[in-house]
file final-v2.txt (compact mmCIF, C-alpha atoms)
# COMPACT_ATOMS: atom_id res chain seq x y z
CA MET A 879 125.96 -13.01 -105.08
CA THR A 880 128.62 -13.02 -102.35
CA ARG A 881 127.40 -11.37 -99.16
CA LEU A 882 129.70 -8.42 -98.58
CA LYS A 883 130.34 -6.61 -95.30
CA VAL A 884 128.73 -3.22 -95.84
CA GLY A 885 128.18 -0.31 -93.45
CA PHE A 886 125.64 2.49 -93.83
CA ILE A 887 125.53 5.74 -91.86
CA GLY A 888 122.92 8.37 -92.72
CA LEU A 889 119.57 6.60 -92.53
CA GLY A 890 117.45 9.54 -93.59
CA ASP A 891 114.56 9.90 -96.01
CA GLN A 892 116.58 8.47 -98.90
CA GLY A 893 119.38 6.71 -97.05
CA GLY A 894 116.97 4.58 -95.02
CA PRO A 895 115.45 2.68 -97.95
CA MET A 896 118.87 2.43 -99.60
CA ALA A 897 120.17 0.69 -96.50
CA GLU A 898 117.12 -1.57 -96.41
CA ALA A 899 117.92 -2.66 -99.97
CA LEU A 900 121.48 -3.51 -98.93
CA ALA A 901 120.24 -5.57 -95.98
CA GLU A 902 118.41 -7.86 -98.39
CA THR A 903 121.65 -8.92 -100.09
CA HIS A 904 124.64 -8.16 -97.88
CA ASN A 905 125.79 -8.26 -94.26
CA LEU A 906 124.71 -4.76 -93.30
CA HIS A 907 126.03 -2.84 -90.29
CA VAL A 908 124.26 0.38 -89.30
CA TRP A 909 124.53 3.11 -86.68
CA ALA A 910 122.57 6.29 -86.00
CA ARG A 911 122.71 9.01 -83.38
CA ARG A 912 119.04 8.50 -82.57
CA PRO A 913 118.08 4.94 -81.58
CA GLU A 914 114.61 5.34 -83.09
CA THR A 915 116.21 5.72 -86.52
CA LEU A 916 117.36 2.09 -86.27
CA ALA A 917 113.86 0.77 -85.64
CA GLY A 918 113.13 -2.16 -87.91
CA PHE A 919 116.67 -2.75 -89.12
CA ALA A 920 117.30 -5.65 -86.75
CA ASP A 921 114.19 -7.36 -88.18
CA LYS A 922 115.76 -6.98 -91.62
CA GLY A 923 118.89 -8.82 -90.51
CA ALA A 924 121.14 -5.78 -90.08
CA HIS A 925 123.73 -5.54 -87.32
CA LEU A 926 122.98 -2.58 -85.02
CA MET A 927 126.30 -1.09 -83.93
CA ASP A 928 126.99 1.07 -80.90
CA SER A 929 129.16 3.66 -82.66
CA ALA A 930 130.14 4.92 -86.09
CA GLN A 931 133.66 3.60 -85.50
CA SER A 932 132.36 0.10 -84.75
CA VAL A 933 130.58 0.14 -88.12
CA ALA A 934 133.80 1.08 -89.90
CA ARG A 935 135.83 -1.61 -88.14
CA ALA A 936 133.35 -4.32 -89.18
CA VAL A 937 133.03 -3.61 -92.91
CA ASP A 938 134.89 -3.43 -96.21
CA PHE A 939 132.47 -0.94 -97.80
CA LEU A 940 131.29 2.10 -95.83
CA CYS A 941 128.34 4.00 -97.34
CA LEU A 942 127.68 7.52 -96.10
CA CYS A 943 124.58 9.62 -96.81
CA LEU A 944 125.09 12.64 -94.55
CA PRO A 945 123.63 16.16 -94.79
CA ASP A 946 126.75 17.94 -96.07
CA ASP A 947 130.49 17.75 -96.73
CA ALA A 948 131.38 19.26 -93.36
CA GLU A 949 129.58 16.50 -91.45
CA LEU A 950 131.05 13.81 -93.68
CA GLN A 951 134.60 15.05 -93.24
CA ALA A 952 134.16 15.53 -89.49
CA LEU A 953 132.98 11.94 -89.07
CA LEU A 954 135.38 10.43 -91.57
CA PHE A 955 138.56 12.17 -90.46
CA ASN A 956 138.04 13.83 -87.06
CA GLY A 957 135.64 11.11 -85.93
CA GLY A 958 138.05 8.32 -86.73
CA LEU A 959 136.16 6.40 -89.41
CA ALA A 960 139.06 6.48 -91.84
CA ASP A 961 141.39 5.08 -89.17
CA ALA A 962 138.88 2.37 -88.23
CA LEU A 963 138.33 1.03 -91.76
CA PRO A 964 140.49 -1.96 -92.71
CA ASN A 965 143.26 -1.47 -95.26
CA GLY A 966 141.80 -1.71 -98.77
CA GLY A 967 138.35 -0.62 -97.60
CA THR A 968 136.15 1.67 -99.65
CA VAL A 969 134.20 4.78 -98.68
CA ILE A 970 131.11 5.47 -100.83
CA ASN A 971 129.59 8.93 -100.43
CA HIS A 972 125.97 9.01 -101.59
CA ALA A 973 125.19 12.58 -100.50
CA THR A 974 125.37 15.61 -102.77
CA GLY A 975 128.36 17.86 -102.18
CA ASP A 976 131.16 19.99 -103.58
CA PRO A 977 133.13 18.28 -106.39
CA ARG A 978 136.35 19.72 -104.97
CA ALA A 979 135.62 18.19 -101.55
CA ALA A 980 135.10 14.80 -103.19
CA ALA A 981 138.47 15.02 -104.92
CA ALA A 982 140.10 16.11 -101.66
CA ASN A 983 138.54 13.16 -99.81
CA ALA A 984 139.88 10.71 -102.38
CA ASN A 985 143.36 12.24 -102.23
CA ARG A 986 143.37 12.12 -98.45
CA LEU A 987 142.25 8.48 -98.22
CA ALA A 988 144.48 6.99 -100.93
CA PRO A 989 147.80 7.30 -98.97
CA ILE A 990 146.32 5.29 -96.07
CA GLY A 991 145.17 2.46 -98.34
CA LEU A 992 141.50 3.36 -98.69
CA ARG A 993 139.41 3.74 -101.84
CA TYR A 994 136.79 6.44 -102.39
CA LEU A 995 133.80 6.91 -104.67
CA ASP A 996 131.59 9.95 -104.81
CA ALA A 997 128.30 8.36 -105.76
CA PRO A 998 125.35 10.75 -105.30
CA VAL A 999 121.98 9.38 -106.34
CA SER A 1000 118.92 10.76 -108.08
CA GLY A 1001 115.29 9.74 -107.81
CA GLY A 1002 114.34 10.50 -104.22
CA ARG A 1003 112.74 8.20 -101.69
CA PRO A 1004 110.25 6.58 -104.13
CA ALA A 1005 113.08 5.46 -106.42
CA ALA A 1006 115.09 4.27 -103.42
CA GLU A 1007 112.15 2.18 -102.23
CA ALA A 1008 111.71 0.78 -105.74
CA ARG A 1009 115.47 0.03 -106.02
CA ASN A 1010 115.45 2.26 -109.08
CA LEU A 1011 117.85 5.10 -108.29
CA THR A 1012 120.36 6.54 -110.72
CA CYS A 1013 123.88 6.68 -109.28
CA PHE A 1014 126.39 9.23 -110.64
CA VAL A 1015 129.89 7.95 -109.89
CA GLY A 1016 133.18 9.78 -109.63
CA GLY A 1017 136.25 7.61 -109.17
CA ASP A 1018 138.25 4.97 -111.00
CA ALA A 1019 136.83 2.04 -112.94
CA ASP A 1020 138.47 -0.60 -110.73
CA THR A 1021 136.88 0.82 -107.59
CA LEU A 1022 133.50 1.03 -109.29
CA HIS A 1023 133.82 -2.61 -110.36
CA LEU A 1024 134.39 -3.61 -106.73
CA CYS A 1025 131.42 -1.50 -105.59
CA GLU A 1026 128.88 -2.54 -108.23
CA PRO A 1027 127.42 -5.37 -106.09
CA VAL A 1028 126.74 -2.72 -103.44
CA LEU A 1029 125.41 0.04 -105.70
CA SER A 1030 123.23 -2.28 -107.77
CA CYS A 1031 121.14 -3.14 -104.71
CA HIS A 1032 119.42 0.25 -104.86
CA SER A 1033 120.39 1.74 -108.24
CA SER A 1034 119.22 0.44 -111.60
CA ALA A 1035 121.46 2.88 -113.49
CA ILE A 1036 125.10 3.34 -112.46
CA ARG A 1037 127.08 5.87 -114.51
CA LEU A 1038 130.83 6.39 -114.21
CA MET A 1039 131.25 10.08 -115.05
CA GLY A 1040 135.00 10.47 -114.54
CA GLY A 1041 137.49 10.81 -111.71
CA PRO A 1042 136.80 11.88 -108.12
CA GLY A 1043 134.38 14.80 -108.09
CA ALA A 1044 132.79 13.97 -111.45
CA GLY A 1045 129.85 12.24 -109.79
CA GLN A 1046 129.18 15.32 -107.67
CA MET A 1047 129.46 17.62 -110.67
CA THR A 1048 126.94 15.50 -112.57
CA LYS A 1049 124.51 15.55 -109.64
CA ILE A 1050 124.80 19.33 -109.36
CA LEU A 1051 124.07 19.72 -113.08
CA ASN A 1052 121.16 17.29 -112.76
CA ASN A 1053 119.75 19.34 -109.89
CA ALA A 1054 120.02 22.55 -111.88
CA LEU A 1055 118.01 20.98 -114.70
CA THR A 1056 115.45 19.59 -112.26
CA VAL A 1057 114.74 22.96 -110.67
CA SER A 1058 114.77 24.70 -114.07
CA ASN A 1059 112.21 22.17 -115.28
CA LEU A 1060 110.15 22.89 -112.20
CA ARG A 1061 110.14 26.58 -113.11
CA ASN A 1062 108.90 25.67 -116.60
CA LEU A 1063 106.14 23.65 -114.99
CA VAL A 1064 105.16 26.45 -112.61
CA GLU A 1065 104.87 28.95 -115.46
CA VAL A 1066 102.97 26.66 -117.85
CA PHE A 1067 100.58 25.35 -115.20
CA GLY A 1068 99.94 28.90 -114.02
CA LEU A 1069 98.87 29.92 -117.51
CA ALA A 1070 96.88 26.68 -117.90
CA ALA A 1071 94.89 27.46 -114.75
CA GLN A 1072 94.12 30.95 -116.03
CA ALA A 1073 93.02 29.43 -119.33
CA GLY A 1074 90.54 27.21 -117.50
CA VAL A 1075 92.41 23.92 -118.01
CA ASP A 1076 91.94 21.31 -115.29
CA LEU A 1077 95.42 20.86 -113.85
CA SER A 1078 94.90 17.27 -112.73
CA SER A 1079 93.82 16.29 -116.23
CA LEU A 1080 96.73 18.21 -117.72
CA GLN A 1081 99.19 16.36 -115.51
CA ALA A 1082 97.72 13.01 -116.48
CA ALA A 1083 97.90 13.92 -120.17
CA LEU A 1084 101.53 15.02 -119.87
CA ALA A 1085 102.51 11.65 -118.41
CA THR A 1086 102.45 10.12 -121.91
CA SER A 1087 103.33 13.19 -123.97
CA SER A 1088 106.44 14.84 -125.34
CA GLY A 1089 106.02 17.65 -122.80
CA GLY A 1090 106.15 15.28 -119.84
CA SER A 1091 109.05 15.16 -117.37
CA PHE A 1092 110.04 13.78 -113.99
CA MET A 1093 108.83 16.99 -112.37
CA ALA A 1094 105.51 16.89 -114.21
CA ARG A 1095 104.93 13.43 -112.74
CA ALA A 1096 106.16 14.32 -109.26
CA ILE A 1097 104.21 17.52 -108.68
CA GLY A 1098 101.31 16.91 -106.31
CA LYS A 1099 102.56 13.37 -105.62
CA GLN A 1100 106.17 13.26 -104.45
CA ASP A 1101 105.92 17.05 -104.08
CA ASN A 1102 102.71 17.49 -102.11
CA PRO A 1103 101.14 19.96 -99.65
CA SER A 1104 102.78 18.30 -96.66
CA ASN A 1105 106.34 18.68 -97.92
CA ALA A 1106 106.20 21.54 -100.43
CA ALA A 1107 107.95 24.07 -98.19
CA HIS A 1108 110.74 21.58 -97.43
CA ILE A 1109 111.14 20.68 -101.10
CA ALA A 1110 111.30 24.37 -101.99
CA SER A 1111 114.13 24.92 -99.49
CA LEU A 1112 116.04 21.97 -100.99
CA ASN A 1113 115.50 23.44 -104.47
CA ARG A 1114 117.06 26.73 -103.39
CA LYS A 1115 120.04 24.88 -101.93
CA ASP A 1116 120.44 22.87 -105.13
CA VAL A 1117 120.57 26.02 -107.26
CA GLN A 1118 123.01 27.70 -104.88
CA GLU A 1119 125.33 24.67 -105.01
CA PHE A 1120 125.15 24.70 -108.81
CA ALA A 1121 125.98 28.40 -108.94
CA ALA A 1122 128.94 27.98 -106.60
CA ALA A 1123 130.35 25.05 -108.59
CA MET A 1124 130.11 26.95 -111.88
CA GLU A 1125 131.64 30.11 -110.43
CA GLN A 1126 134.57 28.11 -109.05
CA LEU A 1127 135.29 27.10 -112.64
CA GLY A 1128 135.06 30.69 -113.84
CA LEU A 1129 131.75 30.04 -115.60
CA ASN A 1130 128.69 32.27 -115.53
CA PRO A 1131 125.50 30.48 -114.35
CA GLU A 1132 123.46 33.68 -113.98
CA ARG A 1133 120.77 33.02 -116.59
CA ILE A 1134 120.01 29.53 -115.28
CA VAL A 1135 120.08 30.66 -111.66
CA ASP A 1136 117.76 33.60 -112.30
CA TRP A 1137 115.24 31.34 -114.02
CA ALA A 1138 115.46 28.39 -111.64
CA MET A 1139 115.17 30.48 -108.47
CA GLY A 1140 111.63 31.43 -109.47
CA ALA A 1141 110.49 27.85 -108.90
CA PRO A 1142 110.86 27.40 -105.12
CA ALA A 1143 108.79 30.48 -104.29
CA ALA A 1144 105.89 29.32 -106.47
CA LEU A 1145 106.01 25.60 -105.66
CA PRO A 1146 103.75 25.60 -102.53
CA ASP A 1147 100.97 27.46 -104.34
CA LEU A 1148 101.07 25.15 -107.36
CA VAL A 1149 101.04 22.06 -105.18
CA ALA A 1150 98.10 23.45 -103.23
CA GLN A 1151 96.19 23.94 -106.48
CA LEU A 1152 96.86 20.40 -107.58
CA GLY A 1153 96.18 18.81 -104.22
CA THR A 1154 97.60 15.44 -103.31
CA LEU A 1155 97.03 13.24 -106.35
CA GLN A 1156 97.03 9.49 -106.20
CA ASP A 1157 98.79 7.32 -108.76
CA THR A 1158 96.39 5.67 -111.15

call {"tool": "encode", "arguments": {"input": "final-v2.txt", "output": "structure tokens"}}
result
Amino acid sequence: MTRLKVGFIGLGDQGGPMAEALAETHNLHVWARRPETLAGFADKGAHLMDSAQSVARAVDFLCLCLPDDAELQALLFNGGLADALPNGGTVINHATGDPRAAAANANRLAPIGLRYLDAPVSGGRPAAEARNLTCFVGGDADTLHLCEPVLSCHSSAIRLMGGPGAGQMTKILNNALTVSNLRNLVEVFGLAAQAGVDLSSLQAALATSSGGSFMARAIGKQDNPSNAAHIASLNRKDVQEFAAAMEQLGLNPERIVDWAMGAPAALPDLVAQLGTLQDT
């Protein structure tokens, strides 16, 4: 595979291992506001840059995994990243955001000769470390073709869902299902505990049954006592983003929202019951 010039900004819980995967195959350029975030990347062969703009000037593909659309747009447009990228360069946004913002980003970059993909990922840090993420892509097929050598470093499934914004819409729908499934799990496990069923044994049995799910496998493992409160806050945000996206389309998400919002409140207690389980 040709070694491409790739930049990555947003080296967080999921972005960090995604960038590490890129460093194994491509010429990776990274920057972070906190120097400690870059620890270890030089040992992996990455170029440590002194500014976000210096990353953009050095690469043809700029991957961003920032907390929200506002920060992305501030860095990309007000912070000069779009101006620093070479003509024909591509911006790949891996964070979850508003489908309308993704479309607006693409429309704003196209006149200055830059490509854009909204490419949020699903699977969390474990899937990123295993190079087994699912990537939901919004954009055109030609741009995706150019970006596949980048995306395939960390994602085993890459799905083109439609034009700009379609990747974000798919991720929002995925998140709504995830949290709804978590609510199902909370309710069923709550009844199981009252019925005297050992929850650890139940989880293990579900792993190979028709009632199993990603959330049934993750509870107590990826979602554990140390991060349950944080995960619950992310769940609430996911449902709120889903509701806003549906309402913008004139659709009524009330029934799903009412059900899903019961999950974050109950998650810490369920995780505490299960304890931190080890993979077998």

call {"tool": "atom_distance", "arguments": {"input": "final-v2.txt", "atom1": "atom CA of A:Cys941", "atom2": "atom CA of A:Val908"}}
result
9.7 Å

call {"tool": "residues_around", "arguments": {"input": "final-v2.txt", "residues": "A:Asn971", "least_positions_apart": "5", "cutoff": "7 Å", "atoms": "all atoms listed in the file", "output": "PyMOL selection string"}}
result
chain A and resi 941-943+995-998

call {"tool": "atom_distance", "arguments": {"input": "final-v2.txt", "atom1": "atom CA of A:Leu1055", "atom2": "atom CA of A:Gln1100"}}
result
17.5 Å

call {"tool": "atom_distance", "arguments": {"input": "final-v2.txt", "atom1": "atom CA of A:Pro964", "atom2": "atom CA of A:Gly894"}}
result
24.5 Å

call {"tool": "residues_near_point", "arguments": {"input": "final-v2.txt", "point": "(109.0, 11.3, -113.9)", "cutoff": "12 Å", "atoms": "only C-alpha atoms", "output": "list in words"}}
result
Ser1000, Gly1001, Gly1002, Pro1004, Ala1005, Thr1056, Asn1059, Leu1060, Gln1081, Ala1082, Leu1084, Ala1085, Thr1086, Ser1087, Gly1089, Gly1090, Ser1091, Phe1092, Met1093, Ala1094, Arg1095, Ala1096, Ile1097, Lys1099, Gln1100 and Asp1101 of chain A

call {"tool": "closest_residue", "arguments": {"input": "final-v2.txt", "among": "A:Asn1053, A:Thr1012, A:Thr968, A:Ser1079", "to": "A:Arg1037", "atoms": "all atoms listed in the file"}}
result
A:Thr1012

call {"tool": "closest_residue", "arguments": {"input": "final-v2.txt", "among": "A:Asp976, A:Asp961, A:Asp938, A:Glu1007", "to": "A:Ala1123", "atoms": "only C-alpha atoms"}}
result
A:Asp976

call {"tool": "closest_residue", "arguments": {"input": "final-v2.txt", "among": "A:Arg1009, A:Arg912, A:Arg1061, A:Lys1049", "to": "A:Ser1034", "atoms": "all atoms listed in the file"}}
result
A:Arg1009

call {"tool": "residues_around", "arguments": {"input": "final-v2.txt", "residues": "A:Gln951", "least_positions_apart": "2", "cutoff": "12 Å", "atoms": "all atoms listed in the file", "output": "list of chain:residue names"}}
result
A:Leu942, A:Cys943, A:Leu944, A:Pro945, A:Asp946, A:Asp947, A:Ala948, A:Glu949, A:Leu953, A:Leu954, A:Phe955, A:Asn956, A:Gly957, A:Gly958, A:Leu959, A:Ala960, A:Val969, A:Asn971, A:Gly975, A:Asp976, A:Ala979, A:Ala980, A:Ala982, A:Asn983, A:Ala984, A:Arg986, A:Leu987

call {"tool": "write_last_selection", "arguments": {"input": "final-v2.txt", "atoms": "C-alpha atoms", "output": "short mmCIF file (atom, residue, chain, number, x, y, z; two decimals), in the coordinates of the input"}}
result
data_model
loop_
_atom_site.label_atom_id
_atom_site.label_comp_id
_atom_site.auth_asym_id
_atom_site.auth_seq_id
_atom_site.Cartn_x
_atom_site.Cartn_y
_atom_site.Cartn_z
CA LEU A 942 127.68 7.52 -96.10
CA CYS A 943 124.58 9.62 -96.81
CA LEU A 944 125.09 12.64 -94.55
CA PRO A 945 123.63 16.16 -94.79
CA ASP A 946 126.75 17.94 -96.07
CA ASP A 947 130.49 17.75 -96.73
CA ALA A 948 131.38 19.26 -93.36
CA GLU A 949 129.58 16.50 -91.45
CA LEU A 953 132.98 11.94 -89.07
CA LEU A 954 135.38 10.43 -91.57
CA PHE A 955 138.56 12.17 -90.46
CA ASN A 956 138.04 13.83 -87.06
CA GLY A 957 135.64 11.11 -85.93
CA GLY A 958 138.05 8.32 -86.73
CA LEU A 959 136.16 6.40 -89.41
CA ALA A 960 139.06 6.48 -91.84
CA VAL A 969 134.20 4.78 -98.68
CA ASN A 971 129.59 8.93 -100.43
CA GLY A 975 128.36 17.86 -102.18
CA ASP A 976 131.16 19.99 -103.58
CA ALA A 979 135.62 18.19 -101.55
CA ALA A 980 135.10 14.80 -103.19
CA ALA A 982 140.10 16.11 -101.66
CA ASN A 983 138.54 13.16 -99.81
CA ALA A 984 139.88 10.71 -102.38
CA ARG A 986 143.37 12.12 -98.45
CA LEU A 987 142.25 8.48 -98.22
#

call {"tool": "axis_aligned_box", "arguments": {"input": "final-v2.txt", "around": "stretch 904-915 of chain A", "padding_each_side": "4 Å", "output": "JSON"}}
result
{"center_x": 120.3, "center_y": 0.4, "center_z": -89.7, "size_x": 19.4, "size_y": 25.3, "size_z": 24.3}

call {"tool": "residues_around", "arguments": {"input": "final-v2.txt", "residues": "stretch 1138-1141 of chain A", "least_positions_apart": "6", "cutoff": "10 Å", "atoms": "only C-alpha atoms", "output": "list in words"}}
result
Ala1054, Leu1055, Thr1056, Val1057, Ser1058, Asn1059, Leu1060, Arg1061, Asn1062, Leu1063, Val1064, Glu1065, Ala1110, Asn1113, Arg1114, Lys1115, Asp1116, Val1117, Gln1118, Glu1132 and Leu1148 of chain A

call {"tool": "closest_residue", "arguments": {"input": "final-v2.txt", "among": "A:Asn1102, A:Gln931, A:Thr903, A:Asn965", "to": "A:Asp1147", "atoms": "only C-alpha atoms"}}
result
A:Asn1102

call {"tool": "residues_near_point", "arguments": {"input": "final-v2.txt", "point": "(141.5, 1.2, -100.4)", "cutoff": "6 Å", "atoms": "only C-alpha atoms", "output": "NGL selection string"}}
result
:A and (966-968 or 991-993)

call {"tool": "write_last_selection", "arguments": {"input": "final-v2.txt", "atoms": "C-alpha atoms", "output": "PDB file, keeping the file's coordinate frame"}}
result
ATOM      1  CA  GLY A 966     141.800  -1.710 -98.770  1.00  0.00           C
ATOM      2  CA  GLY A 967     138.350  -0.620 -97.600  1.00  0.00           C
ATOM      3  CA  THR A 968     136.150   1.670 -99.650  1.00  0.00           C
ATOM      4  CA  GLY A 991     145.170   2.460 -98.340  1.00  0.00           C
ATOM      5  CA  LEU A 992     141.500   3.360 -98.690  1.00  0.00           C
ATOM      6  CA  ARG A 993     139.410   3.740-101.840  1.00  0.00           C
TER       7      ARG A 993
END

call {"tool": "decode", "arguments": {"input": "final-v2.txt", "residues": "stretch 987-996 of chain A", "atoms": "all heavy atoms", "output": "compact mmCIF listing (two decimals), in the first residue's frame"}}
result
# COMPACT_ATOMS: atom_id res chain seq x y z
N LEU A 987 -16.36 23.80 1.65
CA LEU A 987 -15.02 23.39 1.24
C LEU A 987 -14.88 23.19 -0.27
O LEU A 987 -13.81 23.42 -0.84
CB LEU A 987 -14.62 22.11 1.96
CG LEU A 987 -14.40 22.23 3.47
CD1 LEU A 987 -14.21 20.85 4.09
CD2 LEU A 987 -13.22 23.12 3.79
N ALA A 988 -15.95 22.74 -0.91
CA ALA A 988 -15.88 22.42 -2.34
C ALA A 988 -15.39 23.60 -3.20
O ALA A 988 -14.54 23.41 -4.09
CB ALA A 988 -17.23 21.92 -2.83
N PRO A 989 -15.88 24.84 -3.00
CA PRO A 989 -15.43 25.95 -3.86
C PRO A 989 -13.95 26.28 -3.73
O PRO A 989 -13.40 26.96 -4.60
CB PRO A 989 -16.30 27.13 -3.39
CG PRO A 989 -17.49 26.50 -2.75
CD PRO A 989 -16.97 25.26 -2.11
N ILE A 990 -13.30 25.86 -2.64
CA ILE A 990 -11.87 26.14 -2.49
C ILE A 990 -11.03 24.89 -2.79
O ILE A 990 -9.85 24.81 -2.42
CB ILE A 990 -11.54 26.69 -1.08
CG1 ILE A 990 -11.96 25.72 0.02
CG2 ILE A 990 -12.22 28.04 -0.87
CD1 ILE A 990 -11.51 26.16 1.42
N GLY A 991 -11.63 23.94 -3.49
CA GLY A 991 -10.89 22.79 -3.99
C GLY A 991 -10.60 21.70 -2.99
O GLY A 991 -9.67 20.92 -3.17
N LEU A 992 -11.42 21.60 -1.94
CA LEU A 992 -11.22 20.58 -0.92
C LEU A 992 -12.39 19.62 -0.88
O LEU A 992 -13.54 20.01 -1.05
CB LEU A 992 -11.03 21.23 0.46
CG LEU A 992 -9.82 22.15 0.61
CD1 LEU A 992 -9.80 22.77 1.99
CD2 LEU A 992 -8.51 21.41 0.35
N ARG A 993 -12.10 18.35 -0.64
CA ARG A 993 -13.12 17.31 -0.51
C ARG A 993 -13.48 17.13 0.97
O ARG A 993 -12.69 17.46 1.85
CB ARG A 993 -12.61 15.98 -1.08
CG ARG A 993 -12.24 16.01 -2.56
CD ARG A 993 -11.52 14.73 -2.94
NE ARG A 993 -11.14 14.70 -4.34
CZ ARG A 993 -11.85 14.14 -5.32
NH1 ARG A 993 -13.01 13.55 -5.02
NH2 ARG A 993 -11.43 14.14 -6.56
N TYR A 994 -14.66 16.54 1.20
CA TYR A 994 -15.12 16.35 2.58
C TYR A 994 -15.90 15.06 2.69
O TYR A 994 -16.75 14.75 1.83
CB TYR A 994 -16.01 17.52 3.00
CG TYR A 994 -16.48 17.47 4.45
CD1 TYR A 994 -15.69 17.98 5.46
CD2 TYR A 994 -17.71 16.90 4.79
CE1 TYR A 994 -16.11 17.95 6.79
CE2 TYR A 994 -18.13 16.85 6.11
CZ TYR A 994 -17.33 17.38 7.10
OH TYR A 994 -17.75 17.33 8.41
N LEU A 995 -15.60 14.29 3.73
CA LEU A 995 -16.41 13.13 4.09
C LEU A 995 -16.84 13.27 5.54
O LEU A 995 -16.02 13.57 6.41
CB LEU A 995 -15.63 11.82 3.96
CG LEU A 995 -15.34 11.22 2.60
CD1 LEU A 995 -14.64 9.88 2.77
CD2 LEU A 995 -16.59 11.05 1.76
N ASP A 996 -18.13 13.08 5.82
CA ASP A 996 -18.50 12.83 7.21
C ASP A 996 -18.44 11.32 7.38
O ASP A 996 -19.03 10.57 6.62
CB ASP A 996 -19.87 13.43 7.58
CG ASP A 996 -21.02 12.99 6.71
OD1 ASP A 996 -21.03 13.36 5.53
OD2 ASP A 996 -21.92 12.29 7.21
